[in-house]
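Beneath this line is the structure, given in structure tokens, with notes to follow.
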Amino acid sequence: MAVPEATTDRRGVLVLGGGIAGIQAALDLAASRIPVYLVEKSASIGGRMAQLDKTFPTMDCSI
Amino acid sequence: MSTKLSSITKKKTSEKKFTPRIVVFACNWCSYAGADNAGVSRIQYSPNFRIIRTMCSGRVTPGMVLKAFKLGADGVLVSGCHLGDCHYIFGNHRAIENFERTQAIIKTLGLEEGRLRLEWVSAAEGPRFGQLIDEFVGEVTKLGPSPLNNSNRRK
Amino acid sequence: MMDAGRHPNIRLLTNSELVGLEGEAGDFKAQVRRHPRYVSEELCTGCGVCGRNCPVEVLSEFDAGVGKRKAVYVPFPQAVPNIYILDKENCTECGICVEKCPRDAIDLDDPGKDLELKVGSVIVATGFEVFDPTVVKAYGFGLYDNVVTSMQMERLLNASGPTQGHILRPSDGKVPRKIGFVQCVGTRGEAGLQYCSRFCCMNSIKDCMLVKQHAPEIEELKIFYIDIRAAGKGFEEFYQRSLEMPELTYIRGRPSKILEDPQTKDLVVQVEDGEAGKINDFQLDMVVLSSGAVANKTNQKLAEILGIEREETGFFTSGEETGSPLESTKEGIYLCGCASGINDISDSVAQGSGAAAAAEKHLAKLRIEEKKEEIPELDVSGPPRIGVFVCHCGINIAGVLDIDALKKYAETLPDVVFVRDSLFLCSDDGQRRLQDMIKKKKLNRVVAAACTPRTHEPIFRESCARIGLNPYLFEMVNVRDQCSWVHTEEPQEATEKAKDLIRMGVAKARLLEPLYKQSIKIDRKVLVIGGGISGMRAALDLDAQGFQVTLIEKEGKLGGSLNDIHRIYPQDLSASELVETMMQKIKNSKIEVLTEIEITDIKGFIGNFEVFTSKGGLKVGTIVLAIGGELYEPEGDFGYGKFKNVITNLDLERMIRDNQGDIIIDGEKPTTVAFIQCVGSRDLEKNPACSRFCCPTTIKQALELKKRGTNVVVFHRDMRTVGTRAEEHYRKAREMGVRFLKYSPEMKPQVVGEGKASGVELLEPALNRNLTLPVDAVVLACGMIPNEVETGRLQGILKVPRGADGFFMERHAKLGPVETTVEGVFVCGTAQGPKDISDSIAQGSAAAAKVATFICRDTIELEPTTSIVDADMCRGCGKCVRVCEFLAPKLVEKSPGIFVAEINQALCKGCGTCASWCPTGAITAKHFTDRQVESMIETFLTEAV
Amino acid sequence: MDTTTAYLKKNRVFNCLECGKCTAVCPISRFNGTYSPRRFASRGIFYGSGDIGKDNLLWSCLTCKQCSLVCPANVNYSEFMRDARVEARAMGFSGNPSHSGALHYIMEMTASPDLKQQRTGWITEDLKTCKEGEILFFVGCLPYYQDFFSKDLDFSPIDIAKDSIKILNHLGIVPVVLEDERCCGHDFYWSGDLENFMKLAELNLKEFEKAGVKTIVTACPEGALTLKKLYPEQFGAVSYSVLHLSELIAENLDKFKLNEIKSRITFQDPCRLGRYLDIYEAPRKVMSAIPGAQFREMQRSGKKAVCCGTSAWTNCDSYSKQIQSWRLKEAKGVGADILVTACPKCQIHFRCANKNEENGKNIDIEIQDLVSLFASALA
């Protein structure tokens, strides 16, 4: 299932960095009907948090 | 074939050591969340119960509890939010009213009162949930199998 | 992570970089360079054939050097997008992958692409990098195999990491018995970095707990620290819990040297044990260096492209005028996460939302028109065809439960036509395979044996809905949090239990019926309760997006606790000026401000709240709770109340604010002032939490007093000046001669004197001498406690839950810091827990962003798991009306004398209590019907495993 | 001949002339147009129990026997319904249990041989009872109704048992009250669950034998019918006789000195007491013996009395409510202050129908059991 394409001509918000902060910003903007261009240097979003096994203090898994 | 085999072997072990079968009704917002919290904090407690999630402790009817006992449950625990914490405001107060009716019937039926309990566990009380389960399993184990246990259980 | 990958409004541009930006706020043009991936994003399905056949193996950056990857690779199994990438540097261009790829997705001379995007604003969330500890020669990183960084330790702990979560010594692959964690490697003055990296203390404590779980045979865990900075919501309690671990010992001292025994590769750590007061050589199998976070190296180039300023620490300058970490030095460009400084996950998430609110201002008018995507419904008629999916969740479930036994057992259950397991069911690839199997096997019921429905049911429901399977035909069985995690020592019983739970889930799934969401019109106005800094910020952000905001404040004027404060550190802004500028902005905004007003009651629900106040009523769609907290009143602690010259931080702050000249305490200018930290805080009876802002406040006040020539001594348990700038002030205070004395909770300092405090006595642990310090005044640093009256009252009215610490409880500590469990009610600032001013401001914006996600539409969709009445069965007895607190059911006179209950679907919250009170069973609690619950009871008690 | 044809023959359903008289008198059909005994009979004949088995309305029949009494072709319709239910249950169907099945589960639990009930807590010192003897007072489900309904319908069902003992003691009888009496099984019998009915019957018969019981007195007509008629049908002749308490009182009216009860009363003939046990006179004799009580007969009474609208705690719905309201209005219509019932279930159903959450009562009439009324008149 290919990633759905958002049109590139609409004016949106450019989010630099696909870590937890960038992802949260992108999700909130998208949920408020604002187009988002999420630019990430590495091959996948997830940033530092994806490298962690668990997060403190709740020990939830961090994927 | 495998289920037959394991149920037979289980029969043997249950002769020696009585492991109670307990139904726990847990409300989604507090007790079920408390059970999750126990999981997140890796609290170890007895496995001898099965949780059924309802949206509120007020949802548990006397019929459901009596059905559990009729089918041979050795113990039933209804758990909800502390009074005042209920996500639906008075759901747990209704649970008290239902509980009192069910408890009276259980007493008249001759089942030990210790087999049915109503407890409040909040979403932050993982450790308390673990303790509560261990305590209840211990108590029900002491009471031994419910008189309805073997006669009604269809194989 | 997964949601971002699938959201239609988000376009993912991975392996890409911003190369140019022109224009100004509201109308930027951004040039983005999409580096060549050599694998086509459209064709690649992430099947992994290329990776398996690639001959080249190199160190994986993701695994921070402890794991390997191929030249064509996916950084980690749950990557989003799940698309391979070819590393041209290490690729030998042997062409095997090109051949092997079933979809011909690999093109070795992919030129990459250049895009020009029209954007209204930019959010910088470039994160941090880990400090490379090779610079600190004494610790031997890079020389000794068994010295690893904390990130490498994370990868060893991670179930999908190179060692599948087993902790193995890099040198010999054996399980280490003794591990040491060295804190503040590269930070707090080490190798030129002055600041504190904020989350390494907590991370090391967490790692110790995880090591004990992953490798129970661990004998010794040592943390070498200067101050344990567990300063955040629930952090102190987490630290206290770690103190009960027998294997873990905290040693207050920064190791000078680490040596390695060349044969055994074991390590020796030389450190002065501050408490014990002697030098120790600790024999350890492995050492983890908690190397701090440093600014992203690309920040320098990025700052030039964006035209924003940077601090010399490398992080972007933020909050020059607003005091919040979100504003950069250029309009339209916002910062969040570790762009502006070091933040832990909860703060980064809050700042992410905050930055969204700030960025939204420039685009509020250009929102996308949402057309409902018509997804054809799958045919679910006919007998139940149930699919059971068992999740490994890395080792969380598979480590304890016998997955194959569960799968074999599930196959024996009636109506189950398909069973499969997955390493991470909730990941992008896990969900996609789930969807494919639903379609391929024509499943009309799905059961997932995984983690808790409370957090992951929405993900599965979304995946079902996307392919047309009604999301309410999905049932989740909790075999992780309520089984594998809590019965780890009894894997056999846990597996038996999991079989029962799966059988019960399948029994309920058999009786599930499709349910359809309704939508109702909502009021798009917002009510912000509390006019402190956080409330004002939320109101301003929402107003900037064109929403109608009402801001109410109990006191006579806005500003809240800021009115008591002189200057705000670390940005060193004047508090009164900040309040002034914000009130000015509020004046020329359309925000309706009501002061000296009390809320008497609130009725209604999301989108339709009816608010009754002492000055009339109003209708709003959403509510933001920003009522703040209160400072702990030290009744009698340390002579407070008995001695006039024993005052609190707050009293001193007011004194400093009111006169620029000498500070007069109890009638005289003090020559020596003692500060006592953690008054009432970190104390199980009084206030178990650490309030995080008292240490930085004390440092700020100490500097003010030092400027006026007063000697200052600080009695503390840990100096928790956390984050980039607060640490610099702490060092400046040290330089200006402020003395710091550590005390333990067992032996607190005693304030002595007749009529006036004249001295502070303490048995000083490090020097082991009884010290009496003559003082002229004592300042108590008190933490924050909930605003008991208001929090209690609003909890009574709105039913918003309160955490164990008495503050409003957020929906999720990490992923929902500003939401509450009550739909449409949000919380921000110190109402949700103690925090400093810049975090409160950021949370104010975060709340605004979350509110916007609701009121940017004029309808919202209702959960369909409500209760409905069958008129034929209803005796009109009215019991349901009596038991429902939300007045959803009401009796309607269908014909003269014949009453029938009807339930208002918008008011019904779906608790099902009315259904349990209905004598005839006329009321069906959808998704939790009597039959469904009873079938779970029956199957557990009658069918043995 | 398959089982369906067997029981259709046994109940003479084939003789049905489709005249519709049964539907005319049926209280359920009166309010729920979709239910018609006539159509059920013809569906039975043409399509067999497979068709009527899966129809939920099969469980709405009150088995009140009004139709059987008026049927010119002498079709035993109630028994036909019961047989159809036995087959439907075998196919896995059952009616909608009210109170989410709580009462059914209680009854089924008392069928467990190892259960040691504690059901005589209500016997106070002033009530003389014993463990063995010739005369047994069969309490029935009153203790469980007390636990379940007393708070909800604000009346005390157990008082019927207490008043019965008072009356028996007044007649010099110290009745046996069994510590481990089981549910009589009436509801299981009429709902087609013979397995549980037999289990309960055997347990009860053993208890009766152990206590050496010769005569059984009960205040519950359903209990009376089951012990008097249904047990013998299944187990052959029984060694005891059965009396409804109203019969015993009627025979010994001379032994009672009664105070005045100035109120207008009317009587709801329980289906099991009237149409099944032909006891019409005894209750009326008892009521007329109470000085000052003006007895008013309702138009539909005796053989033609209207059933109280719900049977065996199954398929209770808006139509049951309408039957109950209709009956209460009829009682009010004849000017009665008190509607006297002789069956605990009738009283429970009428009280539930009359309860209004807001202002207490829908129809301004008292509901009381015959035994309690009589006991309150004792001097």
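Ordered as shown in the structure tokens, chains take letters A, B, and onward, while each chain numbers its residues from 1 and ligands are numbered from 1 in the order shown.
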Problem set entry | All residues 10 Å or closer to range 36-42 of chain A, only C-alpha atoms, same chain fewer than 6 positions away omitted, as a VMD selection string | (chain A and resid 6 8 10 to 19 22 to 23 25 to 30) or (chain C and resid 4 to 5 7 to 18 32 to 35 62 75 85 117 to 119 122 to 123 125 to 126)
For this session: Using only C-alpha atoms, determine which residues lie at most 9 Å from Leu127 in chain D, disregarding the query and same-chain residues fewer than 5 positions distant; provide the list as a PyMOL selection string.
Result: chain D and resi 162+165-166+169+174
Selected residues written out with N, CA, C and O atoms, as a PDB file, in the first residue's frame:
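And here is the file that came out, part.pdb:
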ATOM      1  N   LYS D 162     -43.696 -15.467  56.475  1.00  0.00           N
ATOM      2  CA  LYS D 162     -43.867 -15.253  57.930  1.00  0.00           C
ATOM      3  C   LYS D 162     -45.346 -15.324  58.313  1.00  0.00           C
ATOM      4  O   LYS D 162     -45.733 -16.008  59.255  1.00  0.00           O
ATOM      5  N   ILE D 165     -46.709 -18.860  58.388  1.00  0.00           N
ATOM      6  CA  ILE D 165     -46.327 -19.625  59.589  1.00  0.00           C
ATOM      7  C   ILE D 165     -47.208 -19.160  60.769  1.00  0.00           C
ATOM      8  O   ILE D 165     -47.731 -19.988  61.546  1.00  0.00           O
ATOM      9  N   LYS D 166     -47.425 -17.821  60.821  1.00  0.00           N
ATOM     10  CA  LYS D 166     -48.261 -17.284  61.931  1.00  0.00           C
ATOM     11  C   LYS D 166     -49.636 -17.966  61.894  1.00  0.00           C
ATOM     12  O   LYS D 166     -50.138 -18.450  62.913  1.00  0.00           O
ATOM     13  N   ASN D 169     -49.338 -21.620  62.845  1.00  0.00           N
ATOM     14  CA  ASN D 169     -49.164 -21.751  64.314  1.00  0.00           C
ATOM     15  C   ASN D 169     -50.498 -21.473  65.007  1.00  0.00           C
ATOM     16  O   ASN D 169     -50.870 -22.174  65.943  1.00  0.00           O
ATOM     17  N   VAL D 174     -47.306 -26.835  63.840  1.00  0.00           N
ATOM     18  CA  VAL D 174     -45.885 -26.406  63.796  1.00  0.00           C
ATOM     19  C   VAL D 174     -45.298 -27.053  62.549  1.00  0.00           C
ATOM     20  O   VAL D 174     -44.929 -28.249  62.536  1.00  0.00           O
TER      21      VAL D 174
END
Exercise. Mind checking DSSP for range 8-109 of chain B and telling me the strand (DSSP E) residues as a PyMOL selection string?
Worked result: chain B and resi 22-27+50-54+75-80
Residues from last step as file, C-alpha atoms, as a tab-separated table (two decimals), in the first residue's frame:
chain	number	residue	atom	x	y	z
B	22	ILE	CA	-11.80	-16.62	39.37
B	23	VAL	CA	-13.62	-14.14	37.14
B	24	VAL	CA	-12.61	-10.51	37.51
B	25	PHE	CA	-14.82	-7.78	36.04
B	26	ALA	CA	-12.61	-4.71	35.53
B	27	CYS	CA	-13.82	-1.30	34.49
B	50	ARG	CA	-9.34	-14.05	34.01
B	51	ILE	CA	-10.29	-10.41	33.41
B	52	ILE	CA	-13.43	-9.34	31.52
B	53	ARG	CA	-13.35	-5.66	30.58
B	54	THR	CA	-16.54	-3.64	30.80
B	75	GLY	CA	-14.61	-16.52	43.15
B	76	VAL	CA	-15.81	-13.34	41.43
B	77	LEU	CA	-14.27	-9.89	41.87
B	78	VAL	CA	-16.00	-6.79	40.54
B	79	SER	CA	-13.62	-3.83	40.46
B	80	GLY	CA	-14.17	-0.24	39.51
For this session: With a distance threshold of 8 Å and counting only C-alpha atoms, extract the residues of chain D near chain C and express them as number ranges by chain.
Result: D: 96-100, 315-322, 352-353, 355-357
Once DSSP has gone over the backbone, tell me which residues of range 204-249 of chain D are in alpha helix (DSSP H), as a PDB file with N, CA, C and O atoms, in the first residue's frame.
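Written output follows (part_12.pdb):
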ATOM      1  N   ASN D 204     -35.937 -32.417  45.815  1.00  0.00           N
ATOM      2  CA  ASN D 204     -37.035 -32.055  46.731  1.00  0.00           C
ATOM      3  C   ASN D 204     -37.710 -33.310  47.302  1.00  0.00           C
ATOM      4  O   ASN D 204     -37.943 -33.442  48.494  1.00  0.00           O
ATOM      5  N   LEU D 205     -37.947 -34.282  46.408  1.00  0.00           N
ATOM      6  CA  LEU D 205     -38.636 -35.498  46.866  1.00  0.00           C
ATOM      7  C   LEU D 205     -37.810 -36.180  47.957  1.00  0.00           C
ATOM      8  O   LEU D 205     -38.313 -36.630  48.982  1.00  0.00           O
ATOM      9  N   LYS D 206     -36.490 -36.195  47.763  1.00  0.00           N
ATOM     10  CA  LYS D 206     -35.625 -36.837  48.785  1.00  0.00           C
ATOM     11  C   LYS D 206     -35.797 -36.096  50.106  1.00  0.00           C
ATOM     12  O   LYS D 206     -35.933 -36.686  51.169  1.00  0.00           O
ATOM     13  N   GLU D 207     -35.817 -34.732  50.032  1.00  0.00           N
ATOM     14  CA  GLU D 207     -35.945 -33.942  51.276  1.00  0.00           C
ATOM     15  C   GLU D 207     -37.289 -34.245  51.950  1.00  0.00           C
ATOM     16  O   GLU D 207     -37.357 -34.418  53.164  1.00  0.00           O
ATOM     17  N   PHE D 208     -38.356 -34.322  51.092  1.00  0.00           N
ATOM     18  CA  PHE D 208     -39.690 -34.572  51.693  1.00  0.00           C
ATOM     19  C   PHE D 208     -39.667 -35.916  52.431  1.00  0.00           C
ATOM     20  O   PHE D 208     -40.093 -36.064  53.558  1.00  0.00           O
ATOM     21  N   GLU D 209     -39.056 -36.908  51.764  1.00  0.00           N
ATOM     22  CA  GLU D 209     -39.031 -38.253  52.364  1.00  0.00           C
ATOM     23  C   GLU D 209     -38.258 -38.220  53.680  1.00  0.00           C
ATOM     24  O   GLU D 209     -38.711 -38.678  54.725  1.00  0.00           O
ATOM     25  N   LYS D 210     -37.103 -37.584  53.631  1.00  0.00           N
ATOM     26  CA  LYS D 210     -36.237 -37.549  54.836  1.00  0.00           C
ATOM     27  C   LYS D 210     -37.009 -36.931  55.988  1.00  0.00           C
ATOM     28  O   LYS D 210     -36.896 -37.351  57.133  1.00  0.00           O
ATOM     29  N   ALA D 211     -37.843 -35.894  55.674  1.00  0.00           N
ATOM     30  CA  ALA D 211     -38.536 -35.193  56.761  1.00  0.00           C
ATOM     31  C   ALA D 211     -39.840 -35.912  57.132  1.00  0.00           C
ATOM     32  O   ALA D 211     -40.527 -35.514  58.071  1.00  0.00           O
ATOM     33  N   PRO D 221     -49.106 -20.714  44.314  1.00  0.00           N
ATOM     34  CA  PRO D 221     -49.880 -21.596  43.434  1.00  0.00           C
ATOM     35  C   PRO D 221     -48.993 -22.381  42.460  1.00  0.00           C
ATOM     36  O   PRO D 221     -49.241 -23.552  42.178  1.00  0.00           O
ATOM     37  N   GLU D 222     -47.913 -21.752  41.971  1.00  0.00           N
ATOM     38  CA  GLU D 222     -47.055 -22.468  41.010  1.00  0.00           C
ATOM     39  C   GLU D 222     -46.401 -23.649  41.720  1.00  0.00           C
ATOM     40  O   GLU D 222     -46.301 -24.751  41.183  1.00  0.00           O
ATOM     41  N   GLY D 223     -46.010 -23.408  42.989  1.00  0.00           N
ATOM     42  CA  GLY D 223     -45.418 -24.495  43.779  1.00  0.00           C
ATOM     43  C   GLY D 223     -46.447 -25.593  43.968  1.00  0.00           C
ATOM     44  O   GLY D 223     -46.184 -26.779  43.740  1.00  0.00           O
ATOM     45  N   ALA D 224     -47.659 -25.144  44.311  1.00  0.00           N
ATOM     46  CA  ALA D 224     -48.736 -26.119  44.561  1.00  0.00           C
ATOM     47  C   ALA D 224     -48.954 -26.975  43.315  1.00  0.00           C
ATOM     48  O   ALA D 224     -48.966 -28.217  43.382  1.00  0.00           O
ATOM     49  N   LEU D 225     -49.058 -26.348  42.158  1.00  0.00           N
ATOM     50  CA  LEU D 225     -49.305 -27.112  40.914  1.00  0.00           C
ATOM     51  C   LEU D 225     -48.168 -28.105  40.674  1.00  0.00           C
ATOM     52  O   LEU D 225     -48.402 -29.292  40.395  1.00  0.00           O
ATOM     53  N   TYR D 231     -44.996 -33.305  39.710  1.00  0.00           N
ATOM     54  CA  TYR D 231     -44.099 -34.354  40.230  1.00  0.00           C
ATOM     55  C   TYR D 231     -44.708 -35.730  39.988  1.00  0.00           C
ATOM     56  O   TYR D 231     -44.073 -36.611  39.409  1.00  0.00           O
ATOM     57  N   PRO D 232     -45.996 -35.916  40.399  1.00  0.00           N
ATOM     58  CA  PRO D 232     -46.577 -37.259  40.164  1.00  0.00           C
ATOM     59  C   PRO D 232     -46.508 -37.668  38.682  1.00  0.00           C
ATOM     60  O   PRO D 232     -46.197 -38.807  38.367  1.00  0.00           O
ATOM     61  N   GLU D 233     -46.737 -36.701  37.773  1.00  0.00           N
ATOM     62  CA  GLU D 233     -46.706 -37.067  36.344  1.00  0.00           C
ATOM     63  C   GLU D 233     -45.345 -37.665  35.986  1.00  0.00           C
ATOM     64  O   GLU D 233     -45.245 -38.601  35.198  1.00  0.00           O
ATOM     65  N   GLN D 234     -44.281 -37.127  36.600  1.00  0.00           N
ATOM     66  CA  GLN D 234     -42.939 -37.597  36.209  1.00  0.00           C
ATOM     67  C   GLN D 234     -42.510 -38.817  37.033  1.00  0.00           C
ATOM     68  O   GLN D 234     -41.815 -39.693  36.535  1.00  0.00           O
ATOM     69  N   PHE D 235     -42.918 -38.849  38.350  1.00  0.00           N
ATOM     70  CA  PHE D 235     -42.323 -39.882  39.231  1.00  0.00           C
ATOM     71  C   PHE D 235     -43.361 -40.894  39.717  1.00  0.00           C
ATOM     72  O   PHE D 235     -43.100 -41.659  40.631  1.00  0.00           O
ATOM     73  N   LEU D 245     -52.515 -22.655  50.901  1.00  0.00           N
ATOM     74  CA  LEU D 245     -52.841 -22.157  52.245  1.00  0.00           C
ATOM     75  C   LEU D 245     -54.285 -21.630  52.308  1.00  0.00           C
ATOM     76  O   LEU D 245     -54.988 -21.819  53.315  1.00  0.00           O
ATOM     77  N   SER D 246     -54.751 -21.054  51.156  1.00  0.00           N
ATOM     78  CA  SER D 246     -56.139 -20.502  51.192  1.00  0.00           C
ATOM     79  C   SER D 246     -57.134 -21.630  51.441  1.00  0.00           C
ATOM     80  O   SER D 246     -58.126 -21.462  52.159  1.00  0.00           O
ATOM     81  N   GLU D 247     -56.839 -22.816  50.914  1.00  0.00           N
ATOM     82  CA  GLU D 247     -57.764 -23.941  51.138  1.00  0.00           C
ATOM     83  C   GLU D 247     -57.797 -24.276  52.629  1.00  0.00           C
ATOM     84  O   GLU D 247     -58.869 -24.455  53.237  1.00  0.00           O
ATOM     85  N   LEU D 248     -56.634 -24.344  53.247  1.00  0.00           N
ATOM     86  CA  LEU D 248     -56.556 -24.731  54.678  1.00  0.00           C
ATOM     87  C   LEU D 248     -57.313 -23.719  55.542  1.00  0.00           C
ATOM     88  O   LEU D 248     -58.107 -24.082  56.410  1.00  0.00           O
ATOM     89  N   ILE D 249     -57.072 -22.432  55.199  1.00  0.00           N
ATOM     90  CA  ILE D 249     -57.750 -21.389  55.994  1.00  0.00           C
ATOM     91  C   ILE D 249     -59.266 -21.526  55.818  1.00  0.00           C
ATOM     92  O   ILE D 249     -60.037 -21.496  56.789  1.00  0.00           O
TER      93      ILE D 249
END
Exercise. Which chain B residues are at most 7 Å from chain C (counting only C-alpha atoms), as a PyMOL selection string?
Worked result: chain B and resi 3+7+35-36+39-40+42-45+47+50+54-56+58-61+64+68+71-73+85+87-91+124+153-155
Expected file: the selected residues, C-alpha atoms, as a PDB file, in the first residue's frame:
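Listed below is the output, result.pdb:
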ATOM      1  CA  THR B   3      -6.776 -29.920  24.098  1.00  0.00           C
ATOM      2  CA  SER B   7      -7.335 -31.050  29.973  1.00  0.00           C
ATOM      3  CA  ALA B  35      -4.000  -3.824  35.835  1.00  0.00           C
ATOM      4  CA  ASP B  36      -2.083  -2.348  32.883  1.00  0.00           C
ATOM      5  CA  GLY B  39       2.026  -4.703  33.932  1.00  0.00           C
ATOM      6  CA  VAL B  40       4.030  -1.587  33.098  1.00  0.00           C
ATOM      7  CA  ARG B  42       6.227  -5.499  36.100  1.00  0.00           C
ATOM      8  CA  ILE B  43       4.429  -6.290  39.364  1.00  0.00           C
ATOM      9  CA  GLN B  44       4.264 -10.094  39.577  1.00  0.00           C
ATOM     10  CA  TYR B  45       1.021 -11.548  40.893  1.00  0.00           C
ATOM     11  CA  PRO B  47      -2.272 -15.804  37.303  1.00  0.00           C
ATOM     12  CA  ARG B  50      -9.342 -14.045  34.010  1.00  0.00           C
ATOM     13  CA  THR B  54     -16.545  -3.635  30.801  1.00  0.00           C
ATOM     14  CA  MET B  55     -16.769   0.084  30.280  1.00  0.00           C
ATOM     15  CA  CYS B  56     -17.944   0.641  33.870  1.00  0.00           C
ATOM     16  CA  GLY B  58     -22.018  -0.322  36.964  1.00  0.00           C
ATOM     17  CA  ARG B  59     -22.367  -2.436  33.819  1.00  0.00           C
ATOM     18  CA  VAL B  60     -21.915  -5.692  35.743  1.00  0.00           C
ATOM     19  CA  THR B  61     -25.385  -7.131  36.455  1.00  0.00           C
ATOM     20  CA  MET B  64     -23.543 -11.961  35.121  1.00  0.00           C
ATOM     21  CA  ALA B  68     -20.256 -17.088  36.771  1.00  0.00           C
ATOM     22  CA  LEU B  71     -20.921 -22.238  35.888  1.00  0.00           C
ATOM     23  CA  GLY B  72     -18.576 -23.134  38.722  1.00  0.00           C
ATOM     24  CA  ALA B  73     -16.465 -20.032  39.333  1.00  0.00           C
ATOM     25  CA  ASP B  85     -13.336   8.922  40.290  1.00  0.00           C
ATOM     26  CA  HIS B  87     -15.531   8.320  34.507  1.00  0.00           C
ATOM     27  CA  TYR B  88     -19.342   8.084  34.376  1.00  0.00           C
ATOM     28  CA  ILE B  89     -19.726   9.859  37.737  1.00  0.00           C
ATOM     29  CA  PHE B  90     -21.932   7.369  39.682  1.00  0.00           C
ATOM     30  CA  GLY B  91     -21.325   4.126  37.833  1.00  0.00           C
ATOM     31  CA  ALA B 124      -2.309   4.591  39.078  1.00  0.00           C
ATOM     32  CA  ARG B 153     -19.261 -27.980  34.969  1.00  0.00           C
ATOM     33  CA  ARG B 154     -20.064 -29.565  31.619  1.00  0.00           C
ATOM     34  CA  LYS B 155     -16.894 -31.288  30.297  1.00  0.00           C
TER      35      LYS B 155
END
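Between CA of Phe715 in chain C and CA of Ser291 in chain C lies a distance of 28.1 Å.
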For the interface of chain B with chain D (cut-off 9 Å, counting only C-alpha atoms), please tabulate each contacting residue of chain B alongside its nearest pair of atoms and their separation in Å to one decimal, rows sorted by chain and increasing number, as a Markdown table.
| residue | atom | partner | partner_atom | distance |
| --- | --- | --- | --- | --- |
| B:Thr61 | CA | D:Ser100 | CA | 7.1 |
| B:Pro62 | CA | D:Ala102 | CA | 6.1 |
| B:Gly63 | CA | D:Ala102 | CA | 3.9 |
| B:Met64 | CA | D:Ser100 | CA | 7.3 |
| B:Val65 | CA | D:Ala102 | CA | 8.5 |
| B:Leu66 | CA | D:Tyr105 | CA | 6.1 |
| B:Lys67 | CA | D:Tyr105 | CA | 5.9 |
| B:Phe69 | CA | D:Met109 | CA | 8.3 |
| B:Lys70 | CA | D:Met109 | CA | 5.6 |
| B:Leu71 | CA | D:Met109 | CA | 8.9 |
| B:Glu100 | CA | D:Asp147 | CA | 8.9 |
| B:Arg101 | CA | D:Phe148 | CA | 5.7 |
| B:Thr102 | CA | D:Phe148 | CA | 7.7 |
| B:Gln103 | CA | D:Asp147 | CA | 8.8 |
| B:Ala104 | CA | D:Asp147 | CA | 5.6 |
| B:Ile105 | CA | D:Asp147 | CA | 5.8 |
| B:Lys107 | CA | D:Gln118 | CA | 6.8 |
| B:Thr108 | CA | D:Gln118 | CA | 4.8 |
| B:Leu109 | CA | D:Gln117 | CA | 4.5 |
| B:Gly110 | CA | D:Gln117 | CA | 4.0 |
| B:Leu111 | CA | D:Gln117 | CA | 7.6 |
| B:Ser146 | CA | D:Leu115 | CA | 9.0 |
| B:Pro147 | CA | D:Asp114 | CA | 5.5 |
| B:Leu148 | CA | D:Ser112 | CA | 6.3 |
| B:Ser151 | CA | D:Ser112 | CA | 6.4 |
| B:Asn152 | CA | D:Ser112 | CA | 7.0 |
For this session: Give me the residues within 10 Å of Gly292 in chain D as an NGL selection string, counting only C-alpha atoms and dropping any in the same chain fewer than 4 places off.
Result: :D and (259-264 or 288)
For this session: Just the residues within 12 Å of Phe267 in chain D, please, counting only C-alpha atoms, with nothing from its chain fewer than 2 positions along; format it as a ChimeraX atom specification.
Result: /D:264-265,269-270,274,280-288,294-302,305-306,308,327-328,330-332,334,336-343,346-347,366-370,373
Exercise. If we count only C-alpha atoms, what is near Arg89 in chain D at a cut-off of 9 Å, once residues fewer than 6 positions away on the same chain are taken out, given as a ChimeraX atom specification?
Worked result: /D:53,191-193
For this session: May I have the residues within 12 Å of Ala813 in chain C as a PyMOL selection string, using only C-alpha atoms and disregarding those fewer than 4 positions away in the same chain?
Result: (chain A and resi 55-60) or (chain B and resi 124) or (chain C and resi 232-235+344-350+803+808-809+817-820+832-833)
